[in-house]
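Pasted below: my_file.txt, compact mmCIF, C-alpha atoms.
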# COMPACT_ATOMS: atom_id res chain seq x y z
CA MET A 1469 -0.59 -1.92 -27.79
CA SER A 1470 0.91 1.57 -27.94
CA VAL A 1471 -0.67 3.61 -25.13
CA ALA A 1472 0.79 6.50 -23.13
CA ILE A 1473 -0.45 7.00 -19.56
CA LEU A 1474 0.45 9.79 -17.13
CA HIS A 1475 0.36 8.93 -13.42
CA LEU A 1476 0.12 11.71 -10.82
CA ILE A 1477 1.40 11.02 -7.29
CA ARG A 1478 2.60 13.18 -4.42
CA SER A 1479 6.04 11.59 -4.14
CA LEU A 1480 8.04 8.54 -5.20
CA ASP A 1481 9.56 8.24 -1.73
CA PRO A 1482 9.50 4.49 -0.83
CA ALA A 1483 8.62 5.46 2.75
CA ALA A 1484 5.17 6.44 1.47
CA GLY A 1485 4.36 2.73 1.28
CA GLY A 1486 2.12 0.66 -0.96
CA PRO A 1487 0.92 3.21 -3.56
CA VAL A 1488 4.49 4.09 -4.57
CA GLU A 1489 5.59 0.46 -4.78
CA TYR A 1490 2.51 -0.55 -6.76
CA LEU A 1491 2.97 2.30 -9.23
CA LYS A 1492 6.57 1.27 -9.87
CA GLN A 1493 5.67 -2.37 -10.37
CA VAL A 1494 2.61 -1.79 -12.55
CA ALA A 1495 4.67 0.52 -14.78
CA LYS A 1496 7.18 -2.30 -15.31
CA ALA A 1497 4.45 -4.83 -16.08
CA GLN A 1498 2.66 -2.52 -18.51
CA LYS A 1499 5.88 -1.66 -20.32
CA ALA A 1500 6.07 -5.33 -21.33
CA VAL A 1501 2.81 -4.91 -23.29
CA GLY A 1502 3.74 -1.62 -24.93
CA VAL A 1503 2.48 0.99 -22.48
CA ASP A 1504 4.55 4.16 -22.14
CA THR A 1505 4.46 5.49 -18.60
CA ALA A 1506 5.24 8.95 -17.27
CA ILE A 1507 4.98 9.89 -13.60
CA LEU A 1508 4.35 13.43 -12.41
CA THR A 1509 5.25 14.17 -8.78
CA LEU A 1510 4.61 17.13 -6.53
CA GLN A 1511 8.02 16.83 -4.92
CA PRO A 1512 11.55 16.41 -6.35
CA SER A 1513 12.67 12.78 -6.51
CA GLU A 1514 15.90 11.35 -5.17
CA PRO A 1515 17.94 9.42 -7.77
CA ALA A 1516 17.71 6.24 -5.66
CA TRP A 1517 13.91 6.34 -5.88
CA MET A 1518 13.99 6.03 -9.67
CA VAL A 1519 16.39 3.11 -10.10
CA ASN A 1520 15.03 0.70 -12.75
CA LEU A 1521 11.89 2.79 -13.16
CA PRO A 1522 10.50 2.09 -16.67
CA GLY A 1523 9.35 5.56 -17.66
CA SER A 1524 10.02 9.24 -17.35
CA VAL A 1525 9.53 11.29 -14.17
CA ILE A 1526 8.24 14.85 -14.31
CA ASP A 1527 9.17 16.67 -11.10
CA CYS A 1528 6.89 19.63 -10.44
CA GLY A 1529 8.07 20.35 -6.94
CA PRO A 1530 8.64 21.65 -4.51
CA SER A 1531 5.01 22.02 -3.51
CA ARG A 1532 3.64 23.69 -0.41
CA GLY A 1533 2.09 22.10 2.66
CA VAL A 1534 0.21 18.87 3.18
CA TYR A 1535 -2.13 19.84 0.33
CA GLY A 1536 0.76 20.13 -2.11
CA PHE A 1537 -0.23 23.50 -3.55
CA ASN A 1538 1.82 24.30 -6.62
CA ARG A 1539 1.21 27.54 -8.51
CA ASP A 1540 2.59 26.19 -11.80
CA LEU A 1541 1.13 22.67 -11.75
CA GLU A 1542 -2.17 23.29 -13.54
CA GLN A 1543 -0.52 25.13 -16.42
CA ARG A 1544 2.23 22.51 -16.69
CA LEU A 1545 -0.26 19.67 -16.62
CA SER A 1546 -2.55 21.29 -19.17
CA GLY A 1547 0.43 21.66 -21.48
CA ILE A 1548 1.36 17.97 -21.44
CA ALA A 1549 -1.92 16.13 -20.82
CA GLY A 1550 -2.85 16.04 -24.50
CA SER A 1551 0.12 13.74 -25.17
CA PHE A 1552 -1.44 10.95 -23.08
CA LYS A 1553 -4.45 8.70 -23.50
CA ALA A 1554 -5.32 9.16 -19.83
CA MET A 1555 -4.15 10.43 -16.45
CA VAL A 1556 -4.27 8.32 -13.28
CA VAL A 1557 -4.46 10.27 -10.01
CA HIS A 1558 -3.06 8.38 -7.00
CA GLY A 1559 -4.52 9.54 -3.69
CA LEU A 1560 -7.07 12.15 -2.65
CA TRP A 1561 -7.20 15.47 -0.79
CA GLN A 1562 -4.25 16.96 -2.65
CA PHE A 1563 -3.67 19.57 -5.30
CA HIS A 1564 -2.81 17.15 -8.10
CA GLY A 1565 -6.41 15.87 -8.02
CA ILE A 1566 -8.06 19.22 -8.75
CA SER A 1567 -5.28 20.02 -11.23
CA ALA A 1568 -6.09 16.85 -13.19
CA ALA A 1569 -9.79 17.77 -13.26
CA ARG A 1570 -9.00 21.26 -14.58
CA ALA A 1571 -6.57 19.89 -17.15
CA THR A 1572 -9.27 17.53 -18.42
CA ALA A 1573 -11.64 20.47 -18.89
CA LYS A 1574 -8.99 22.21 -21.02
CA THR A 1575 -7.54 19.28 -23.00
CA GLY A 1576 -10.19 16.56 -22.99
CA THR A 1577 -7.70 14.00 -21.65
CA PRO A 1578 -9.68 11.89 -19.16
CA TYR A 1579 -8.54 11.07 -15.67
CA PHE A 1580 -9.01 8.09 -13.34
CA ILE A 1581 -8.63 8.08 -9.55
CA PHE A 1582 -7.00 5.51 -7.26
CA PRO A 1583 -8.09 6.51 -3.70
CA HIS A 1584 -5.68 3.99 -2.11
CA GLY A 1585 -7.86 3.65 0.98
CA MET A 1586 -8.36 7.38 1.53
CA LEU A 1587 -12.17 7.04 1.58
CA ASP A 1588 -12.24 4.50 4.37
CA PRO A 1589 -14.59 5.40 7.29
CA TRP A 1590 -11.92 4.41 9.86
CA PHE A 1591 -10.47 7.91 9.66
CA ARG A 1592 -13.83 9.46 10.53
CA LYS A 1593 -13.84 7.71 13.90
CA GLU A 1594 -10.16 7.83 14.80
CA VAL A 1595 -9.15 11.32 13.61
CA PRO A 1596 -12.40 13.35 13.71
CA LEU A 1597 -10.72 16.77 13.32
CA LYS A 1598 -8.95 15.68 10.15
CA HIS A 1599 -12.19 14.12 8.93
CA PHE A 1600 -14.04 17.40 9.54
CA LYS A 1601 -11.51 19.27 7.41
CA LYS A 1602 -11.89 16.69 4.66
CA GLN A 1603 -15.68 16.92 4.88
CA LEU A 1604 -15.41 20.65 4.16
CA TYR A 1605 -13.15 20.00 1.20
CA TRP A 1606 -15.57 17.29 0.07
CA PHE A 1607 -18.26 19.97 -0.24
CA LEU A 1608 -15.93 22.41 -1.95
CA ALA A 1609 -14.11 20.18 -4.45
CA GLU A 1610 -13.33 16.52 -3.80
CA ARG A 1611 -16.82 15.14 -4.50
CA ARG A 1612 -16.88 16.85 -7.90
CA ILE A 1613 -13.34 15.61 -8.63
CA LEU A 1614 -14.48 12.02 -8.06
CA GLU A 1615 -17.62 12.53 -10.13
CA GLY A 1616 -15.57 13.97 -12.99
CA ALA A 1617 -13.31 10.93 -13.18
CA LYS A 1618 -13.98 8.30 -15.83
CA SER A 1619 -13.65 5.69 -13.07
CA VAL A 1620 -12.74 5.57 -9.40
CA ILE A 1621 -10.57 2.49 -8.97
CA PHE A 1622 -10.79 0.47 -5.77
CA THR A 1623 -8.55 -2.44 -4.92
CA SER A 1624 -11.25 -4.67 -3.43
CA ARG A 1625 -15.01 -4.98 -3.15
CA GLN A 1626 -14.80 -4.21 0.57
CA GLU A 1627 -12.93 -0.94 -0.03
CA SER A 1628 -15.52 0.12 -2.61
CA GLU A 1629 -18.45 -0.63 -0.31
CA ARG A 1630 -16.97 1.12 2.73
CA ALA A 1631 -16.10 4.23 0.73
CA ARG A 1632 -19.76 5.01 0.10
CA ALA A 1633 -20.48 5.67 3.79
CA THR A 1634 -17.65 8.05 4.63
CA PHE A 1635 -18.72 11.49 3.40
CA TRP A 1636 -22.00 13.33 2.80
CA PRO A 1637 -23.58 13.84 0.39
CA PRO A 1638 -22.53 10.71 -1.48
CA ALA A 1639 -20.67 11.17 -4.75
CA ASN A 1640 -22.11 9.79 -7.98
CA TYR A 1641 -18.93 8.23 -9.37
CA ARG A 1642 -18.25 5.12 -11.45
CA PRO A 1643 -16.44 2.49 -9.34
CA ARG A 1644 -14.19 -0.21 -10.77
CA ILE A 1645 -12.29 -2.97 -8.97
CA VAL A 1646 -8.63 -3.61 -9.81
CA PRO A 1647 -6.86 -5.80 -7.23
CA LEU A 1648 -3.24 -4.84 -6.68
CA GLY A 1649 -0.42 -7.23 -7.42
CA VAL A 1650 3.28 -7.82 -6.88
CA PRO A 1651 5.97 -9.50 -9.00
CA ARG A 1652 7.49 -12.86 -8.16
CA PRO A 1653 10.65 -12.49 -6.07
CA LEU A 1654 13.71 -11.97 -8.26
CA ALA A 1655 16.26 -12.18 -5.47
CA LYS A 1656 18.24 -15.35 -4.84
CA LEU A 1657 16.45 -16.31 -1.65
CA GLU A 1658 19.32 -18.03 0.14
CA GLN A 1659 21.59 -15.08 -0.58
CA ALA A 1660 18.86 -12.68 0.56
CA ARG A 1661 18.41 -14.61 3.82
CA GLU A 1662 22.15 -14.49 4.41
CA THR A 1663 22.14 -10.72 3.85
CA PHE A 1664 19.36 -10.33 6.40
CA PHE A 1665 21.02 -12.48 9.06
CA THR A 1666 24.36 -10.76 8.48
CA ARG A 1667 22.63 -7.47 9.33
CA PHE A 1668 20.71 -8.97 12.28
CA PRO A 1669 22.86 -11.88 13.50
CA HIS A 1670 20.97 -12.28 16.79
CA LEU A 1671 18.03 -13.69 14.78
CA LEU A 1672 20.04 -16.43 13.06
CA GLY A 1673 18.57 -19.83 13.84
CA LYS A 1674 15.46 -18.34 15.45
CA SER A 1675 11.88 -18.31 14.21
CA PHE A 1676 10.37 -14.85 14.00
CA LEU A 1677 7.20 -13.06 12.98
CA LEU A 1678 7.65 -10.09 10.67
CA TYR A 1679 5.76 -6.80 10.70
CA LEU A 1680 6.64 -4.87 7.54
CA GLY A 1681 5.25 -1.40 6.90
CA ARG A 1682 4.95 2.09 8.32
CA ILE A 1683 5.09 2.30 12.12
CA HIS A 1684 1.69 3.94 12.55
CA PRO A 1685 -1.31 3.62 14.90
CA LYS A 1686 -3.57 2.72 11.95
CA LYS A 1687 -1.49 -0.40 11.38
CA GLY A 1688 -2.19 -1.73 14.87
CA CYS A 1689 1.48 -1.61 15.88
CA HIS A 1690 0.54 -0.92 19.51
CA LEU A 1691 -1.65 -4.03 19.56
CA LEU A 1692 1.24 -6.11 18.34
CA ILE A 1693 3.72 -4.77 20.89
CA GLU A 1694 1.26 -5.07 23.79
CA THR A 1695 0.51 -8.64 22.74
CA MET A 1696 4.21 -9.48 22.71
CA VAL A 1697 4.49 -8.21 26.28
CA ARG A 1698 1.44 -10.21 27.39
CA LEU A 1699 2.50 -13.54 25.89
CA ARG A 1700 3.95 -16.04 28.31
CA PHE A 1701 6.03 -17.93 25.78
CA PRO A 1702 9.06 -16.43 23.99
CA ILE A 1703 8.57 -15.57 20.34
CA ASN A 1704 10.63 -13.19 18.24
CA LEU A 1705 9.11 -10.24 16.42
CA VAL A 1706 10.77 -8.04 13.81
CA MET A 1707 9.22 -4.59 13.37
CA ALA A 1708 10.52 -3.39 10.00
CA GLY A 1709 9.46 0.00 8.67
CA PRO A 1710 9.87 3.77 8.86
CA SER A 1711 8.15 6.09 11.31
CA SER A 1712 7.36 9.77 10.90
CA ASP A 1713 6.19 9.99 14.53
CA LEU A 1714 9.19 9.56 16.79
CA THR A 1715 7.04 9.98 19.89
CA TYR A 1716 4.86 7.02 18.89
CA LEU A 1717 7.92 4.95 17.94
CA GLY A 1718 9.58 5.74 21.27
CA LYS A 1719 6.47 4.68 23.17
CA LEU A 1720 6.39 1.37 21.30
CA LYS A 1721 10.05 0.71 22.08
CA ARG A 1722 9.57 1.49 25.77
CA THR A 1723 6.54 -0.80 25.93
CA ALA A 1724 8.40 -3.58 24.12
CA GLY A 1725 11.27 -3.54 26.58
CA ASP A 1726 13.03 -6.90 26.34
CA SER A 1727 10.08 -8.75 24.76
CA PHE A 1728 12.10 -10.34 21.94
CA THR A 1729 11.30 -7.46 19.59
CA THR A 1730 13.73 -6.01 17.01
CA PHE A 1731 13.07 -2.60 15.40
CA THR A 1732 14.95 -2.40 12.08
CA GLY A 1733 13.77 0.87 10.52
CA LEU A 1734 13.09 0.96 6.78
CA ILE A 1735 14.46 -2.05 4.89
CA GLU A 1736 14.55 -2.31 1.10
CA GLY A 1737 15.87 -4.44 -1.74
CA GLU A 1738 17.72 -7.63 -0.87
CA LEU A 1739 17.44 -6.94 2.85
CA LYS A 1740 13.65 -6.73 2.60
CA ALA A 1741 13.54 -9.87 0.45
CA GLY A 1742 15.67 -11.67 3.04
CA ALA A 1743 13.28 -10.69 5.83
CA LEU A 1744 10.24 -11.93 3.88
CA ALA A 1745 11.98 -15.17 2.97
CA ALA A 1746 13.30 -15.86 6.48
CA ALA A 1747 10.15 -14.99 8.46
CA THR A 1748 7.93 -17.83 9.63
CA ALA A 1749 4.92 -15.58 9.02
CA LEU A 1750 4.01 -11.96 8.31
CA ILE A 1751 1.74 -10.27 10.87
CA LEU A 1752 -0.44 -7.21 10.21
CA PRO A 1753 -3.13 -6.42 12.83
CA SER A 1754 -4.18 -3.26 10.98
CA HIS A 1755 -7.28 -1.23 11.87
CA GLN A 1756 -7.71 -0.26 8.21
CA GLU A 1757 -6.08 -1.62 5.08
CA ASN A 1758 -7.73 -1.02 1.72
CA PHE A 1759 -5.64 -3.85 0.25
CA GLY A 1760 -2.42 -4.65 2.07
CA LEU A 1761 0.27 -4.83 -0.61
CA VAL A 1762 2.77 -6.21 1.88
CA VAL A 1763 0.44 -9.18 2.41
CA ALA A 1764 0.63 -9.99 -1.29
CA GLU A 1765 4.42 -9.59 -1.13
CA ALA A 1766 4.65 -12.11 1.70
CA LEU A 1767 2.47 -14.59 -0.19
CA SER A 1768 4.75 -14.31 -3.23
CA PHE A 1769 7.57 -15.66 -1.01
CA GLY A 1770 5.34 -18.47 0.25
CA THR A 1771 5.22 -16.81 3.66
CA PRO A 1772 1.91 -17.29 5.53
CA VAL A 1773 0.15 -14.19 6.86
CA LEU A 1774 -1.55 -13.36 10.15
CA ILE A 1775 -3.88 -10.43 9.58
CA SER A 1776 -6.84 -8.56 11.00
CA ARG A 1777 -10.24 -8.76 9.38
CA GLN A 1778 -9.88 -5.06 8.52
CA VAL A 1779 -7.38 -5.97 5.81
CA ASN A 1780 -9.70 -5.98 2.81
CA ILE A 1781 -8.26 -9.12 1.21
CA ALA A 1782 -8.78 -11.16 4.39
CA GLU A 1783 -11.44 -13.34 2.74
CA ASP A 1784 -8.98 -14.47 0.07
CA ILE A 1785 -6.41 -15.38 2.71
CA GLU A 1786 -8.87 -17.28 4.86
CA SER A 1787 -10.43 -19.25 2.00
CA ALA A 1788 -7.01 -20.25 0.67
CA GLY A 1789 -5.71 -21.44 4.06
CA ALA A 1790 -2.77 -19.06 3.57
CA GLY A 1791 -2.84 -17.75 7.14
CA PHE A 1792 -5.13 -16.74 9.99
CA VAL A 1793 -7.59 -13.86 10.35
CA GLU A 1794 -8.89 -12.29 13.58
CA PRO A 1795 -10.45 -8.97 14.70
CA ASP A 1796 -8.27 -5.84 15.02
CA THR A 1797 -8.27 -5.94 18.83
CA LEU A 1798 -5.74 -6.84 21.48
CA GLU A 1799 -7.49 -10.17 22.04
CA GLY A 1800 -7.67 -10.80 18.29
CA THR A 1801 -3.98 -10.05 17.84
CA GLN A 1802 -3.10 -12.42 20.67
CA ARG A 1803 -5.24 -15.15 19.08
CA LEU A 1804 -3.41 -14.67 15.78
CA ILE A 1805 -0.09 -15.47 17.41
CA GLU A 1806 -1.45 -18.25 19.60
CA ARG A 1807 -3.15 -19.91 16.62
CA TRP A 1808 0.09 -19.71 14.67
CA VAL A 1809 2.12 -21.26 17.48
CA ARG A 1810 -0.49 -23.97 17.95
CA SER A 1811 -1.58 -24.72 14.37
CA GLY A 1812 0.85 -23.15 11.89
CA ASN A 1813 2.48 -25.77 9.67
CA PRO A 1814 4.81 -26.05 6.66
CA ALA A 1815 1.90 -26.85 4.30
CA MET A 1816 0.67 -23.29 4.73
CA ARG A 1817 3.72 -22.04 2.80
CA GLN A 1818 2.49 -23.77 -0.35
CA ALA A 1819 -1.04 -22.51 0.29
CA ALA A 1820 0.37 -18.97 0.61
CA PHE A 1821 2.19 -19.18 -2.71
CA ASP A 1822 -0.85 -20.72 -4.43
CA CYS A 1823 -2.97 -17.83 -3.13
CA TYR A 1824 -0.50 -15.36 -4.60
CA GLN A 1825 -0.55 -17.05 -7.99
CA LYS A 1826 -4.35 -17.11 -8.08
CA HIS A 1827 -5.08 -13.56 -6.93
CA PHE A 1828 -2.10 -11.22 -6.68
CA GLN A 1829 0.28 -11.42 -9.64
CA ILE A 1830 1.32 -8.00 -10.92
CA GLU A 1831 0.78 -8.99 -14.56
CA SER A 1832 -2.89 -9.67 -13.87
CA SER A 1833 -3.32 -6.37 -12.02
CA ALA A 1834 -1.58 -4.41 -14.78
CA GLU A 1835 -3.77 -6.05 -17.42
CA LYS A 1836 -6.99 -5.20 -15.52
CA LEU A 1837 -5.91 -1.60 -14.94
CA LEU A 1838 -5.07 -1.15 -18.61
CA LYS A 1839 -8.43 -2.64 -19.59
CA VAL A 1840 -10.30 -0.18 -17.35
CA ILE A 1841 -8.41 2.74 -18.89
CA VAL A 1842 -8.73 1.67 -22.51
CA GLU A 1843 -12.41 0.78 -22.27
CA ASN A 1844 -13.41 3.96 -20.40
CA ALA A 1845 -11.07 6.67 -21.70
For this file, produce the structure as structure tokens.
Amino acid sequence: MSVAILHLIRSLDPAAGGPVEYLKQVAKAQKAVGVDTAILTLQPSEPAWMVNLPGSVIDCGPSRGVYGFNRDLEQRLSGIAGSFKAMVVHGLWQFHGISAARATAKTGTPYFIFPHGMLDPWFRKEVPLKHFKKQLYWFLAERRILEGAKSVIFTSRQESERARATFWPPANYRPRIVPLGVPRPLAKLEQARETFFTRFPHLLGKSFLLYLGRIHPKKGCHLLIETMVRLRFPINLVMAGPSSDLTYLGKLKRTAGDSFTTFTGLIEGELKAGALAAATALILPSHQENFGLVVAEALSFGTPVLISRQVNIAEDIESAGAGFVEPDTLEGTQRLIERWVRSGNPAMRQAAFDCYQKHFQIESSAEKLLKVIVENA
């Protein structure tokens, strides 16, 4: 099938997390079935971000501010949109969304929207000032942008249902569900483990739980660190991920003290694969997770997962016996670890991998996304 698709995203910086990683992987999977992918970004890309990327990158940066205003973007996009069957907008509340809507009006090339969790009501409660600003923009533009899309693509039923209650008045858009996916690990796992333990030799021979993702309050990092301090038995925790808030990171480190916690910063490639392969379990006590791509990554390694019920694929994990699920509270986080220490067993590794094969393979996700685009464009 010869189809050309243009994806619009703020940046290809790996530190941006799941949306960037998913876009890279789905582009690879769709290339195998004849899809030509181009990616338009609002910021210039570093060469390292584009290694093995199966498609062209159109840098339209630099763009201004959090909104990503770019004076030339609409004209540039209108000039190239006609060469593609469809555009896919990743994320909300930024200039590339309204630019895609305007380009569609000029060229007729339809667009689809991946909110990537940006319509979750958690933000309304936790960051009310930011929510108020978004509510104003909802009135001015964002609601019409969603309504103008051929489909708004959610990664789970739970994300789709929660999105309806976040802003007023509700938008009359066309929702579709496309679960995310990840590829099977390509790294030689023993070599990857060795690479990880060479970098962090104090963990060699020790069992550890792995947190992998942005160091951010939304992810429940403070719950995890406070739980580690409260526990009366020694257990190792690896906190792997970048932080844009050094004050928050510093507070976590001070709270952790000598509680068997290792902060690694951002890890990628073989080092990341080694961490996932060596961990006894992944832990993610997030307050809001529209999907949780890192959870699927852990499952692909046969690594069980300990997650909060706010991770929207929690039902799949629980029904498969691939880990444990508890509320996103301090008590819930403590129960996750205590249940793992008490009841975790080697059989859960096979259950984790089986869950991945059933629900979260990248080929299946890429096929479903392509089907949504082809049938609705």
Return as JSON lines the residues of region 1575-1621 of chain A lying at most 12 Å from region 1526-1550 of chain A, together with the closest atom-to-atom pair for each and the distance in Å to one decimal, counting all atoms listed in the file, with rows in chain order and ascending residue number.
{"residue": "A:Thr1575", "atom": "CA", "partner": "A:Gly1550", "partner_atom": "CA", "distance": 5.9}
{"residue": "A:Gly1576", "atom": "CA", "partner": "A:Gly1550", "partner_atom": "CA", "distance": 7.5}
{"residue": "A:Thr1577", "atom": "CA", "partner": "A:Gly1550", "partner_atom": "CA", "distance": 6.0}
{"residue": "A:Pro1578", "atom": "CA", "partner": "A:Ala1549", "partner_atom": "CA", "distance": 9.0}
{"residue": "A:Tyr1579", "atom": "CA", "partner": "A:Ala1549", "partner_atom": "CA", "distance": 9.8}
{"residue": "A:Lys1598", "atom": "CA", "partner": "A:Val1534", "partner_atom": "CA", "distance": 11.9}
{"residue": "A:Lys1601", "atom": "CA", "partner": "A:Tyr1535", "partner_atom": "CA", "distance": 11.8}
{"residue": "A:Lys1602", "atom": "CA", "partner": "A:Tyr1535", "partner_atom": "CA", "distance": 11.1}
{"residue": "A:Tyr1605", "atom": "CA", "partner": "A:Tyr1535", "partner_atom": "CA", "distance": 11.1}
Counting all atoms listed in the file, find residues at most 9 Å from (-15.9, 0.8, 3.2) (file frame) and give them as a PDB file with C-alpha atoms, in the coordinates of the input.
ATOM      1  CA  GLY A1585      -7.860   3.650   0.980  1.00  0.00           C
ATOM      2  CA  LEU A1587     -12.170   7.040   1.580  1.00  0.00           C
ATOM      3  CA  ASP A1588     -12.240   4.500   4.370  1.00  0.00           C
ATOM      4  CA  PRO A1589     -14.590   5.400   7.290  1.00  0.00           C
ATOM      5  CA  TRP A1590     -11.920   4.410   9.860  1.00  0.00           C
ATOM      6  CA  ARG A1625     -15.010  -4.980  -3.150  1.00  0.00           C
ATOM      7  CA  GLN A1626     -14.800  -4.210   0.570  1.00  0.00           C
ATOM      8  CA  GLU A1627     -12.930  -0.940  -0.030  1.00  0.00           C
ATOM      9  CA  SER A1628     -15.520   0.120  -2.610  1.00  0.00           C
ATOM     10  CA  GLU A1629     -18.450  -0.630  -0.310  1.00  0.00           C
ATOM     11  CA  ARG A1630     -16.970   1.120   2.730  1.00  0.00           C
ATOM     12  CA  ALA A1631     -16.100   4.230   0.730  1.00  0.00           C
ATOM     13  CA  ARG A1632     -19.760   5.010   0.100  1.00  0.00           C
ATOM     14  CA  ALA A1633     -20.480   5.670   3.790  1.00  0.00           C
ATOM     15  CA  THR A1634     -17.650   8.050   4.630  1.00  0.00           C
ATOM     16  CA  ASN A1758      -7.730  -1.020   1.720  1.00  0.00           C
TER      17      ASN A1758
END
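All residues of protein, DNA or RNA that reach within 10 Å of Arg1682 (chain A), judged by all atoms listed in the file and not counting those fewer than 3 positions away in the chain, are Ala1483, Ala1484, Gly1485, Gly1486, Tyr1679, Pro1685, Lys1686, Lys1687, Cys1689, Met1707, Ala1708, Gly1709, Pro1710, Ser1711, Ser1712, Gly1733 and Leu1734 of chain A.
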For Trp1636 (chain A), find every residue with an atom within 10 Å (counting all atoms listed in the file), except residues of its own chain fewer than 5 positions away, and show them as a ChimeraX atom specification. /A:1603-1604,1606-1607,1611
Closest-contact table, region 1524-1639 of chain A side, partner region 1489-1501 of chain A, 12 Å, counting all atoms listed in the file, as a tab-separated table:
residue	atom	partner	partner_atom	distance
A:Ser1524	CA	A:Ala1495	CA	10.5
A:Val1525	CA	A:Lys1492	CA	11.3
A:Val1556	CA	A:Leu1491	CA	10.2
A:Val1557	CA	A:Leu1491	CA	10.9
A:His1558	CA	A:Leu1491	CA	8.8
A:Gly1559	CA	A:Leu1491	CA	11.8
A:Phe1582	CA	A:Leu1491	CA	10.7
A:His1584	CA	A:Tyr1490	CA	10.5
A:Thr1623	CA	A:Tyr1490	CA	11.4
Report the distance between CA of Val1706 (chain A) and CA of Trp1808 (chain A) in Å, rounded to one decimal place.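 Separating CA of Val1706 (chain A) from CA of Trp1808 (chain A) is a distance of 15.8 Å.
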What are the centre and edge lengths in Å, to one decimal, of the axis-aligned box around all listed atoms of region 1791-1796 of chain A with 6 Å added on each side, as AutoDock Vina command-line options?
--center_x -6.6 --center_y -11.8 --center_z 11.1 --size_x 19.6 --size_y 23.9 --size_z 19.9
Which of these, A:Ala1746, A:Leu1798, A:Ala1766, A:Leu1510, has the shortest distance to Leu1657 (chain A) once you count all atoms listed in the file? A:Ala1746
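Of the listed residues (A:Ile1805, A:Ala1815, A:Ala1655, A:Leu1648), A:Leu1648 comes nearest to Ile1781 (chain A); the distances count all atoms listed in the file.
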Polymer residues at most 10 Å from region 1713-1728 of chain A, only C-alpha atoms, same-chain spacing of 3 or more positions, as a list in words: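 Those residues are Leu1671, Phe1676, Ile1683, His1684, Pro1685, Cys1689, His1690, Leu1691, Leu1692, Ile1693, Glu1694, Thr1695, Met1696, Val1697, Arg1698, Leu1699, Pro1702, Ile1703, Asn1704, Leu1705, Val1706, Pro1710 and Phe1731 of chain A.
Here CA of Thr1732 (chain A) is placed at a distance of 10.7 Å from CA of Leu1678 (chain A).
Put simply, CA of Met1518 (chain A) is 24.5 Å away from CA of Lys1836 (chain A).
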